[in-house]
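Participant: Structure provided below as structure tokens; questions to follow.
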Amino acid sequence: MESSNSLLIGAEPSRGSLLREQAYLELKKLMLNGQLAHSPFLSSRSLAKHLGMSITPVRSAVERLETEGLLSIGPQRGLVINELTTAEIVDHFEIRQALETLVVRKLAGRLSAEQTVELRANVAAHEASFAASDIEAYITRDGEFHL
């Protein structure tokens with residue numbers, strides 16, 4: 001008998017899951033770019049209108065962002081974007097430094113020529129987006145680098 005996991009391999013994602021993921025990525029991008037930081041009142045409904053989506057995928061995205069600690073849902077206050085403390089930022093960098101050092105050690109000398117070219121192109125694009133102060137491109141290149 002096949003396990004439920006084997007049935008999912010190769011299955012096409014549902015439209016609903018794609019919309020939830022799109023809403024999540026768009027909201028996270030808006031938050032990271034600071035475009036929602038000065039909004040006096042945020043709600044799932046106002047965000048759905050801003051994104052041009054129905055409220056269901058936006059609510060799902062909001063719940064995911066709340067689980068990740070990026071925002072809070074407060075009664076009578078709506079959605080509040082959480083700001084990281086200095087200690088949290090330091091913790092994140094320390095964890096990232098430890099993990100990335102381990103990954104680099106594991107990958108050293110194991111990349112194909114094609115992977116090396118791709119990695120170097122990504123680093124160059126990453127540096128260019130930083131120099132141009134293009135935050136959105138910088139975040140995208142950073143995500144691609146870590147994938």
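Following the order of the structure tokens, chains are lettered A, B, ..., residues in each are numbered from 1, and ligands are numbered from 1.
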Name the residues of chain A that come out as helix (DSSP H, G or I) in a backbone DSSP run; write them as a ChimeraX atom specification.

Facilitator: /A:4-8,15-32,44-51,55-67,86-107,113-131,135-146

Participant: From the DSSP assignment of the backbone, select every residue of chain A that is strand (DSSP E), and format the answer as a ChimeraX atom specification.

Facilitator: /A:71-74,78-81

Participant: Set out as a tab-separated table a contact list for region 4-84 of chain A and region 127-140 of chain A with a cut-off of 9 Å, giving each residue of region 4-84 of chain A that qualifies its closest atom pair and distance in Å to one decimal, counting only C-alpha atoms, ordered by chain and rising residue number.

Facilitator:
```
residue	atom	partner	partner_atom	distance
A:Lys29	CA	A:Glu136	CA	7.4
A:Leu32	CA	A:Glu136	CA	8.5
A:Asn33	CA	A:Ile135	CA	6.8
```

Participant: So which residues touch Leu147 (chain A) within 12 Å, counting only C-alpha atoms, skipping near sequence neighbours fewer than 6 positions away, as a short mmCIF file (atom, residue, chain, number, x, y, z; two decimals) with N, CA and C atoms, in the first residue's frame?

Facilitator:
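See around-v7.cif below for the written result:
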```cif
data_model
loop_
_atom_site.label_atom_id
_atom_site.label_comp_id
_atom_site.auth_asym_id
_atom_site.auth_seq_id
_atom_site.Cartn_x
_atom_site.Cartn_y
_atom_site.Cartn_z
N GLU A 100 26.04 28.56 8.22
CA GLU A 100 26.64 28.82 6.92
C GLU A 100 28.10 28.36 6.88
N VAL A 103 27.95 24.66 6.30
CA VAL A 103 27.56 24.35 4.92
C VAL A 103 28.72 24.58 3.96
N GLU A 118 27.24 29.54 -11.58
CA GLU A 118 25.95 30.03 -11.10
C GLU A 118 26.10 30.77 -9.76
N LEU A 119 26.90 30.22 -8.88
CA LEU A 119 27.14 30.83 -7.58
C LEU A 119 27.85 32.17 -7.71
N ASN A 122 25.47 34.77 -9.01
CA ASN A 122 24.56 35.20 -7.96
C ASN A 122 25.23 36.20 -7.03
N THR A 140 15.96 39.00 -2.83
CA THR A 140 15.75 37.89 -3.79
C THR A 140 17.06 37.16 -4.05
N ARG A 141 18.14 37.89 -4.34
CA ARG A 141 19.44 37.25 -4.59
C ARG A 141 19.92 36.49 -3.36
#
```

Participant: Near Arg77 (chain A), within 9 Å and counting only C-alpha atoms, which residues show up once chain neighbours fewer than 6 positions away are dropped, as a ChimeraX atom specification?

Facilitator: /A:41-43

Participant: Just write the chosen residues, C-alpha atoms, as a PDB file, in the first residue's frame.

Facilitator:
```
ATOM      1  CA  PHE A  41      -4.261  50.035  10.730  1.00  0.00           C
ATOM      2  CA  LEU A  42      -3.660  46.721   9.073  1.00  0.00           C
ATOM      3  CA  SER A  43      -6.285  44.051   8.651  1.00  0.00           C
TER       4      SER A  43
END
```

Participant: Can you work out the spacing between CA of Glu83 (chain A) and CA of Ile95 (chain A) in Å, to one decimal?

Facilitator: 18.8 Å

Participant: Could you please determine the separation between CA of Pro75 (chain A) and CA of Glu63 (chain A) in Å, to one decimal place?

Facilitator: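 Spanning CA of Pro75 (chain A) to CA of Glu63 (chain A) is a straight-line distance of 14.6 Å.
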
Participant: Between A:Glu94, A:Ser44, A:Leu111, A:Lys28, single out the one closest to Gly69 (chain A), counting only C-alpha atoms.

Facilitator: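 Among A:Glu94, A:Ser44, A:Leu111, A:Lys28, it is A:Lys28 that comes nearest to Gly69 (chain A).
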
Participant: Please provide as a PyMOL selection string all residues within 12 Å of Glu68 (chain A), with the sequence filter that same-chain residues fewer than 6 positions apart are discarded (counting only C-alpha atoms).

Facilitator: chain A and resi 24+28+61-62+81-82+84

Participant: List the spatial neighbours of Arg59 (chain A) as a list of chain:residue names - criterion: any atom at most 9 Å away, only C-alpha atoms, same-chain residues fewer than 4 positions off excluded.

Facilitator: A:Arg20, A:Ala23, A:Ser44, A:Arg45, A:Ala48, A:Ile55, A:Glu63, A:Arg64

Participant: Restricted to C-alpha atoms, what would the selected residues look like written as a CSV table (one decimal), in the first residue's frame?

Facilitator:
```
chain,number,residue,atom,x,y,z
A,20,ARG,CA,-1.6,31.2,0.0
A,23,ALA,CA,0.1,36.1,-0.5
A,44,SER,CA,-6.6,40.9,6.6
A,45,ARG,CA,-9.3,42.6,4.6
A,48,ALA,CA,-6.4,41.4,0.6
A,55,ILE,CA,-9.3,37.2,2.0
A,63,GLU,CA,-1.4,33.2,10.3
A,64,ARG,CA,1.9,31.9,8.9
```

Participant: In Å, with one decimal, what is the gap from CA of Leu27 (chain A) to CA of Arg96 (chain A)?

Facilitator: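 Spanning CA of Leu27 (chain A) to CA of Arg96 (chain A) is a straight-line distance of 23.2 Å.
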
Participant: In terms of the shortest atom-to-atom distance over only C-alpha atoms, which of A:Glu66, A:Leu79, A:Glu21, A:Ala124 is closest to Ser46 (chain A)?

Facilitator: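 Of A:Glu66, A:Leu79, A:Glu21, A:Ala124, the one nearest Ser46 (chain A) is A:Leu79, counting only C-alpha atoms.
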